[in-house]
Amino acid sequence: MKYESVNEVKKQLEEDIKNVSNISELNDLKVKYLGKKGLITELNQKIKDIPNEEKKEFGMCVNEVRNSFNEFYEEKKNKYETEILNKKLESEAIDISLPSTKVKRGSKHPVNRMIERIEDLFVSMGYDVVEGPELETDEYCFERLNLPKGHPARDMQDSFYITDEYLLRTQTSAVQARTLIANQDEPKPIRIIVPGKTYRKEDDATHSHQFCQCEGLVVDRLENHVSLADLKGTLEVFVKEVIGDNLDLRFRPSYFPFTEPSYEVDVTCFKCGGKGCSLCKDTGWIEILGAGIVHPNVLRMNGYDPEKWGGFAFGPGLERLTMFRYGIPDMRYLYTNDIRFLEEFDRKDDSDGIK
Ligand code: DAH
């Protein structure tokens, strides 16, 4: 090459290239040649001192050196980066053949299983699943259900009052009133179930201060004739699907302020099959829920005209149903959190294998 200065740089570059063995040396080389005071950069700066007629040729020579540097640089850069990446991937590879540390799998609580079962059944019959607050007002828990202050039937539900106005709800029936009120401006047919926790100041072998209920409410226009027969039919399907086949149902007249007529519903004792035993106190029957035809006062107080609307309601306690379904002999098992008991329900799928 005609220009000594360019030649020198070219030769040196050829030498230097041989000694590059990693990415940091490559980057050093870039600085040496193309940095602010780099050798190729300096050559570029010389162009201005070259006589005009030679400028072009000189420039081309410098370009040639720069191009060969760039070519070398790109190729090596790719190579080194790929190497680095491969090494990283290798070191981070997960050995999936190793057994993992055992994670202890929890299980669904039997009462929750029961709730899901009931929800599935009623949703399949066109009901909505509705929730309500556990911290409830006296108004919704009692007054709007035809239980004014001082009503003797309040005595059946020993309550945890937080203030004069607020209490832990004693019954999911409170959501009957809430649902009716929510629709009072434009009354429409209602078909709901309300599973949830309830609280009463009770604590003995067969009662705990917190338990679960699942309210049911059906309200329709009177011309659709929702009757006691519908209530019976519904409860028959309910018992069959939720507890099991071959159980008889018995309706006993009873009293609840929010229904008229009212019933307590019994099923054949699951333990003795109706012959009589200690569980059913020799009656052959076990009570599972209260039910009845919605009281006109409840409809009226919550914005539904009882001359136009009517229906039925029911409210089982869920612990008993759970005990029946799974043959659990003592309610306390449900709430003492004994892992050995809960593990009985640790099945892979959600079905409990009972039909
Ligand atoms: N709420 C009642 C209780 O806790 C049970 C009940 C009775 C619910 C009759 C109802 C009903 O919906 O119609 O004792």
# chains A, B, ... in the order shown; residues from 1 in each chain; ligands from 1
call {"tool": "residues_near_ligand", "arguments": {"ligand": "ligand 1", "cutoff": "7 Å", "atoms": "only C-alpha atoms and all ligand atoms", "output": "ChimeraX atom specification"}}
result
/A:170-173,215-217,256,258-259,262,289-294,312-316
call {"tool": "write_last_selection", "arguments": {"atoms": "all heavy atoms", "output": "compact mmCIF listing (two decimals), in the first residue's frame"}}
result
# COMPACT_ATOMS: atom_id res chain seq x y z
N THR A 170 -77.28 -14.77 62.91
CA THR A 170 -77.66 -16.05 63.52
C THR A 170 -78.25 -16.98 62.48
O THR A 170 -78.43 -18.17 62.73
CB THR A 170 -78.73 -15.83 64.60
OG1 THR A 170 -79.82 -15.12 63.99
CG2 THR A 170 -78.18 -15.01 65.74
N GLN A 171 -78.59 -16.42 61.32
CA GLN A 171 -79.20 -17.26 60.28
C GLN A 171 -78.95 -16.62 58.91
O GLN A 171 -78.92 -15.39 58.77
CB GLN A 171 -80.71 -17.38 60.53
CG GLN A 171 -81.41 -16.05 60.79
CD GLN A 171 -82.88 -16.23 61.14
OE1 GLN A 171 -83.40 -17.33 61.12
NE2 GLN A 171 -83.56 -15.13 61.45
N THR A 172 -78.79 -17.47 57.91
CA THR A 172 -78.61 -16.95 56.56
C THR A 172 -79.91 -16.39 56.01
O THR A 172 -79.92 -15.74 54.97
CB THR A 172 -78.08 -18.06 55.61
OG1 THR A 172 -78.84 -19.25 55.83
CG2 THR A 172 -76.61 -18.34 55.85
N SER A 173 -81.00 -16.59 56.75
CA SER A 173 -82.30 -16.03 56.32
C SER A 173 -82.21 -14.52 56.11
O SER A 173 -82.99 -13.95 55.34
CB SER A 173 -83.38 -16.31 57.37
OG SER A 173 -83.39 -17.67 57.71
N GLU A 215 -79.41 -21.05 53.10
CA GLU A 215 -80.78 -20.58 52.90
C GLU A 215 -81.22 -20.83 51.47
O GLU A 215 -80.41 -20.80 50.54
CB GLU A 215 -80.79 -19.06 53.16
CG GLU A 215 -82.14 -18.49 53.38
CD GLU A 215 -82.65 -18.89 54.76
OE1 GLU A 215 -81.86 -19.43 55.55
OE2 GLU A 215 -83.84 -18.69 55.03
N GLY A 216 -82.51 -21.06 51.28
CA GLY A 216 -83.05 -21.13 49.93
C GLY A 216 -84.29 -20.26 49.87
O GLY A 216 -85.06 -20.21 50.84
N LEU A 217 -84.46 -19.53 48.79
CA LEU A 217 -85.66 -18.70 48.65
C LEU A 217 -86.14 -18.71 47.20
O LEU A 217 -85.35 -18.51 46.28
CB LEU A 217 -85.34 -17.24 49.05
CG LEU A 217 -86.48 -16.23 48.84
CD1 LEU A 217 -87.64 -16.49 49.81
CD2 LEU A 217 -85.98 -14.79 49.01
N PHE A 256 -91.97 -20.77 62.39
CA PHE A 256 -90.93 -19.76 62.17
C PHE A 256 -91.65 -18.48 61.81
O PHE A 256 -92.65 -18.52 61.07
CB PHE A 256 -89.99 -20.17 61.01
CG PHE A 256 -89.22 -21.42 61.27
CD1 PHE A 256 -89.63 -22.64 60.71
CD2 PHE A 256 -88.10 -21.41 62.07
CE1 PHE A 256 -88.92 -23.80 60.96
CE2 PHE A 256 -87.39 -22.58 62.33
CZ PHE A 256 -87.80 -23.77 61.78
N PHE A 258 -90.98 -16.17 59.83
CA PHE A 258 -90.90 -15.69 58.44
C PHE A 258 -91.58 -16.62 57.45
O PHE A 258 -91.55 -16.39 56.25
CB PHE A 258 -89.45 -15.44 58.03
CG PHE A 258 -88.45 -16.31 58.72
CD1 PHE A 258 -88.11 -17.55 58.19
CD2 PHE A 258 -87.88 -15.91 59.91
CE1 PHE A 258 -87.20 -18.36 58.84
CE2 PHE A 258 -86.96 -16.72 60.58
CZ PHE A 258 -86.62 -17.95 60.05
N THR A 259 -92.21 -17.71 57.94
CA THR A 259 -92.96 -18.58 57.04
C THR A 259 -94.31 -18.92 57.66
O THR A 259 -94.47 -18.97 58.87
CB THR A 259 -92.18 -19.90 56.78
OG1 THR A 259 -91.59 -20.35 57.99
CG2 THR A 259 -91.11 -19.73 55.73
N SER A 262 -95.28 -23.25 58.48
CA SER A 262 -93.86 -23.59 58.66
C SER A 262 -93.71 -25.08 58.97
O SER A 262 -94.62 -25.69 59.53
CB SER A 262 -93.28 -22.82 59.84
OG SER A 262 -93.39 -21.43 59.66
N LEU A 289 -83.78 -29.53 58.54
CA LEU A 289 -83.98 -28.14 58.13
C LEU A 289 -85.35 -27.61 58.53
O LEU A 289 -86.25 -28.36 58.87
CB LEU A 289 -83.79 -27.98 56.62
CG LEU A 289 -84.61 -28.82 55.64
CD1 LEU A 289 -85.95 -28.16 55.31
CD2 LEU A 289 -83.84 -28.99 54.35
N GLY A 290 -85.45 -26.28 58.47
CA GLY A 290 -86.73 -25.61 58.63
C GLY A 290 -87.14 -25.07 57.27
O GLY A 290 -86.29 -24.74 56.44
N ALA A 291 -88.45 -24.98 57.04
CA ALA A 291 -88.91 -24.51 55.73
C ALA A 291 -90.35 -24.03 55.83
O ALA A 291 -90.98 -24.17 56.88
CB ALA A 291 -88.82 -25.66 54.72
N GLY A 292 -90.84 -23.47 54.76
CA GLY A 292 -92.25 -23.05 54.77
C GLY A 292 -92.57 -22.13 53.61
O GLY A 292 -91.74 -21.90 52.71
N ILE A 293 -93.80 -21.65 53.65
CA ILE A 293 -94.26 -20.70 52.63
C ILE A 293 -93.97 -19.29 53.15
O ILE A 293 -94.31 -18.97 54.30
CB ILE A 293 -95.77 -20.89 52.39
CG1 ILE A 293 -96.04 -22.31 51.84
CG2 ILE A 293 -96.34 -19.82 51.46
CD1 ILE A 293 -95.44 -22.60 50.48
N VAL A 294 -93.34 -18.48 52.31
CA VAL A 294 -92.89 -17.16 52.77
C VAL A 294 -94.06 -16.35 53.35
O VAL A 294 -95.13 -16.23 52.72
CB VAL A 294 -92.23 -16.37 51.61
CG1 VAL A 294 -91.75 -15.00 52.10
CG2 VAL A 294 -91.06 -17.16 51.04
N PHE A 312 -91.60 -20.03 48.50
CA PHE A 312 -91.19 -20.82 49.66
C PHE A 312 -89.75 -20.54 50.04
O PHE A 312 -88.99 -19.94 49.27
CB PHE A 312 -91.42 -22.31 49.41
CG PHE A 312 -90.63 -22.91 48.26
CD1 PHE A 312 -89.27 -23.18 48.38
CD2 PHE A 312 -91.28 -23.23 47.06
CE1 PHE A 312 -88.56 -23.74 47.33
CE2 PHE A 312 -90.57 -23.80 45.99
CZ PHE A 312 -89.21 -24.05 46.14
N ALA A 313 -89.41 -20.97 51.27
CA ALA A 313 -88.04 -20.79 51.76
C ALA A 313 -87.65 -22.02 52.55
O ALA A 313 -88.52 -22.76 53.05
CB ALA A 313 -87.95 -19.56 52.64
N PHE A 314 -86.37 -22.24 52.65
CA PHE A 314 -85.89 -23.36 53.47
C PHE A 314 -84.48 -23.04 53.97
O PHE A 314 -83.79 -22.19 53.39
CB PHE A 314 -85.88 -24.68 52.70
CG PHE A 314 -85.14 -24.62 51.39
CD1 PHE A 314 -83.80 -24.94 51.32
CD2 PHE A 314 -85.80 -24.24 50.23
CE1 PHE A 314 -83.11 -24.89 50.11
CE2 PHE A 314 -85.11 -24.18 49.01
CZ PHE A 314 -83.78 -24.50 48.95
N GLY A 315 -84.08 -23.67 55.05
CA GLY A 315 -82.76 -23.35 55.59
C GLY A 315 -82.15 -24.52 56.36
O GLY A 315 -82.36 -24.64 57.56
N PRO A 316 -81.40 -25.39 55.64
CA PRO A 316 -80.74 -26.49 56.35
C PRO A 316 -79.47 -26.03 57.05
O PRO A 316 -78.84 -25.06 56.63
CB PRO A 316 -80.38 -27.47 55.22
CG PRO A 316 -80.24 -26.61 54.00
CD PRO A 316 -81.18 -25.45 54.18
call {"tool": "residues_around", "arguments": {"residues": "Gly317 (chain A)", "least_positions_apart": "5", "cutoff": "7 Å", "atoms": "only C-alpha atoms", "output": "PDB file with all heavy atoms, in the first residue's frame"}}
result
ATOM      1  N   CYS A 212     -72.720 -23.567  59.817  1.00  0.00           N
ATOM      2  CA  CYS A 212     -73.047 -23.132  58.458  1.00  0.00           C
ATOM      3  C   CYS A 212     -74.487 -23.481  58.112  1.00  0.00           C
ATOM      4  O   CYS A 212     -75.001 -24.516  58.520  1.00  0.00           O
ATOM      5  CB  CYS A 212     -72.134 -23.811  57.448  1.00  0.00           C
ATOM      6  SG  CYS A 212     -70.434 -23.261  57.552  1.00  0.00           S
ATOM      7  N   GLN A 213     -75.077 -22.585  57.356  1.00  0.00           N
ATOM      8  CA  GLN A 213     -76.423 -22.848  56.849  1.00  0.00           C
ATOM      9  C   GLN A 213     -76.443 -22.595  55.344  1.00  0.00           C
ATOM     10  O   GLN A 213     -75.518 -22.005  54.791  1.00  0.00           O
ATOM     11  CB  GLN A 213     -77.438 -21.879  57.488  1.00  0.00           C
ATOM     12  CG  GLN A 213     -77.699 -22.115  58.963  1.00  0.00           C
ATOM     13  CD  GLN A 213     -78.833 -21.241  59.483  1.00  0.00           C
ATOM     14  OE1 GLN A 213     -79.106 -20.172  58.937  1.00  0.00           O
ATOM     15  NE2 GLN A 213     -79.486 -21.692  60.543  1.00  0.00           N
ATOM     16  N   CYS A 214     -77.504 -23.036  54.722  1.00  0.00           N
ATOM     17  CA  CYS A 214     -77.691 -22.675  53.321  1.00  0.00           C
ATOM     18  C   CYS A 214     -79.157 -22.325  53.104  1.00  0.00           C
ATOM     19  O   CYS A 214     -80.011 -23.197  52.959  1.00  0.00           O
ATOM     20  CB  CYS A 214     -77.271 -23.812  52.406  1.00  0.00           C
ATOM     21  SG  CYS A 214     -77.428 -23.355  50.680  1.00  0.00           S
ATOM     22  N   ILE A 288     -83.385 -32.036  59.695  1.00  0.00           N
ATOM     23  CA  ILE A 288     -82.284 -31.426  58.938  1.00  0.00           C
ATOM     24  C   ILE A 288     -82.532 -29.967  58.549  1.00  0.00           C
ATOM     25  O   ILE A 288     -81.591 -29.247  58.245  1.00  0.00           O
ATOM     26  CB  ILE A 288     -81.935 -32.215  57.653  1.00  0.00           C
ATOM     27  CG1 ILE A 288     -83.186 -32.416  56.798  1.00  0.00           C
ATOM     28  CG2 ILE A 288     -81.271 -33.534  58.002  1.00  0.00           C
ATOM     29  CD1 ILE A 288     -82.845 -32.779  55.371  1.00  0.00           C
ATOM     30  N   LEU A 289     -83.780 -29.530  58.545  1.00  0.00           N
ATOM     31  CA  LEU A 289     -83.981 -28.135  58.132  1.00  0.00           C
ATOM     32  C   LEU A 289     -85.345 -27.607  58.526  1.00  0.00           C
ATOM     33  O   LEU A 289     -86.255 -28.363  58.869  1.00  0.00           O
ATOM     34  CB  LEU A 289     -83.789 -27.981  56.615  1.00  0.00           C
ATOM     35  CG  LEU A 289     -84.612 -28.820  55.645  1.00  0.00           C
ATOM     36  CD1 LEU A 289     -85.951 -28.162  55.315  1.00  0.00           C
ATOM     37  CD2 LEU A 289     -83.837 -28.994  54.353  1.00  0.00           C
TER      38      LEU A 289
END
call {"tool": "residues_around", "arguments": {"residues": "Val111 (chain A)", "least_positions_apart": "3", "cutoff": "8 Å", "atoms": "only C-alpha atoms", "output": "PyMOL selection string"}}
result
chain A and resi 114-115+318-319+322+334
call {"tool": "write_last_selection", "arguments": {"atoms": "N, CA, C and O atoms", "output": "PDB file, in the first residue's frame"}}
result
ATOM      1  N   MET A 114     -69.477 -30.090  50.876  1.00  0.00           N
ATOM      2  CA  MET A 114     -70.936 -30.124  50.918  1.00  0.00           C
ATOM      3  C   MET A 114     -71.515 -28.869  50.260  1.00  0.00           C
ATOM      4  O   MET A 114     -72.452 -28.937  49.456  1.00  0.00           O
ATOM      5  N   ILE A 115     -70.922 -27.718  50.599  1.00  0.00           N
ATOM      6  CA  ILE A 115     -71.413 -26.464  50.010  1.00  0.00           C
ATOM      7  C   ILE A 115     -71.310 -26.520  48.485  1.00  0.00           C
ATOM      8  O   ILE A 115     -72.251 -26.187  47.757  1.00  0.00           O
ATOM      9  N   LEU A 318     -75.639 -27.065  57.661  1.00  0.00           N
ATOM     10  CA  LEU A 318     -74.810 -27.883  56.783  1.00  0.00           C
ATOM     11  C   LEU A 318     -73.969 -28.935  57.507  1.00  0.00           C
ATOM     12  O   LEU A 318     -73.569 -29.927  56.910  1.00  0.00           O
ATOM     13  N   GLU A 319     -73.698 -28.708  58.777  1.00  0.00           N
ATOM     14  CA  GLU A 319     -72.879 -29.682  59.492  1.00  0.00           C
ATOM     15  C   GLU A 319     -73.577 -31.040  59.537  1.00  0.00           C
ATOM     16  O   GLU A 319     -72.975 -32.077  59.301  1.00  0.00           O
ATOM     17  N   THR A 322     -73.443 -32.785  56.283  1.00  0.00           N
ATOM     18  CA  THR A 322     -72.091 -33.290  56.032  1.00  0.00           C
ATOM     19  C   THR A 322     -71.862 -34.582  56.826  1.00  0.00           C
ATOM     20  O   THR A 322     -71.301 -35.553  56.317  1.00  0.00           O
ATOM     21  N   LEU A 334     -65.594 -31.854  62.908  1.00  0.00           N
ATOM     22  CA  LEU A 334     -65.576 -30.883  61.811  1.00  0.00           C
ATOM     23  C   LEU A 334     -64.796 -29.623  62.156  1.00  0.00           C
ATOM     24  O   LEU A 334     -64.330 -28.914  61.282  1.00  0.00           O
TER      25      LEU A 334
END
call {"tool": "closest_residue", "arguments": {"among": "A:Pro110, A:Gly310, A:Pro253, A:Pro152", "to": "Gly327 (chain A)", "atoms": "only C-alpha atoms"}}
result
A:Pro110
call {"tool": "residues_around", "arguments": {"residues": "Pro329 (chain A)", "least_positions_apart": "2", "cutoff": "12 Å", "atoms": "only C-alpha atoms", "output": "list in words"}}
result
Ala205, Thr206, Phe270, Lys271, Ser278, Leu279, Glu319, Arg320, Leu321, Thr322, Met323, Phe324, Arg325, Tyr326, Gly327, Met331, Arg332, Tyr333, Leu334 and Phe341 of chain A
call {"tool": "atom_distance", "arguments": {"atom1": "CA of Lys188 (chain A)", "atom2": "CA of Arg144 (chain A)"}}
result
18.7 Å
call {"tool": "closest_residue", "arguments": {"among": "A:Lys88, A:Lys79, A:Arg191, A:Lys56", "to": "Gly126 (chain A)", "atoms": "only C-alpha atoms"}}
result
A:Arg191
call {"tool": "atom_distance", "arguments": {"atom1": "CA of Glu236 (chain A)", "atom2": "CA of Arg250 (chain A)"}}
result
10.1 Å
call {"tool": "residues_around", "arguments": {"residues": "Val175 (chain A)", "least_positions_apart": "4", "cutoff": "9 Å", "atoms": "only C-alpha atoms", "output": "ChimeraX atom specification"}}
result
/A:130-133,140-141,171,179-180,194,215
call {"tool": "select_by_dssp", "arguments": {"residues": "region 66-287 of chain A", "states": "alpha helix (DSSP H)", "output": "JSON, numbers by chain"}}
result
{"A": [66, 67, 68, 69, 70, 71, 72, 73, 74, 75, 76, 77, 78, 79, 80, 81, 82, 83, 84, 85, 86, 87, 88, 89, 90, 91, 92, 110, 111, 112, 113, 114, 115, 116, 117, 118, 119, 120, 121, 122, 123, 124, 138, 139, 140, 141, 174, 175, 176, 177, 178, 179, 180, 181, 182, 228, 229, 230, 231, 232, 233, 234, 235, 236, 237, 238, 239, 240, 241, 242]}
call {"tool": "atom_distance", "arguments": {"atom1": "CA of Cys269 (chain A)", "atom2": "CA of Ser254 (chain A)"}}
result
19.7 Å
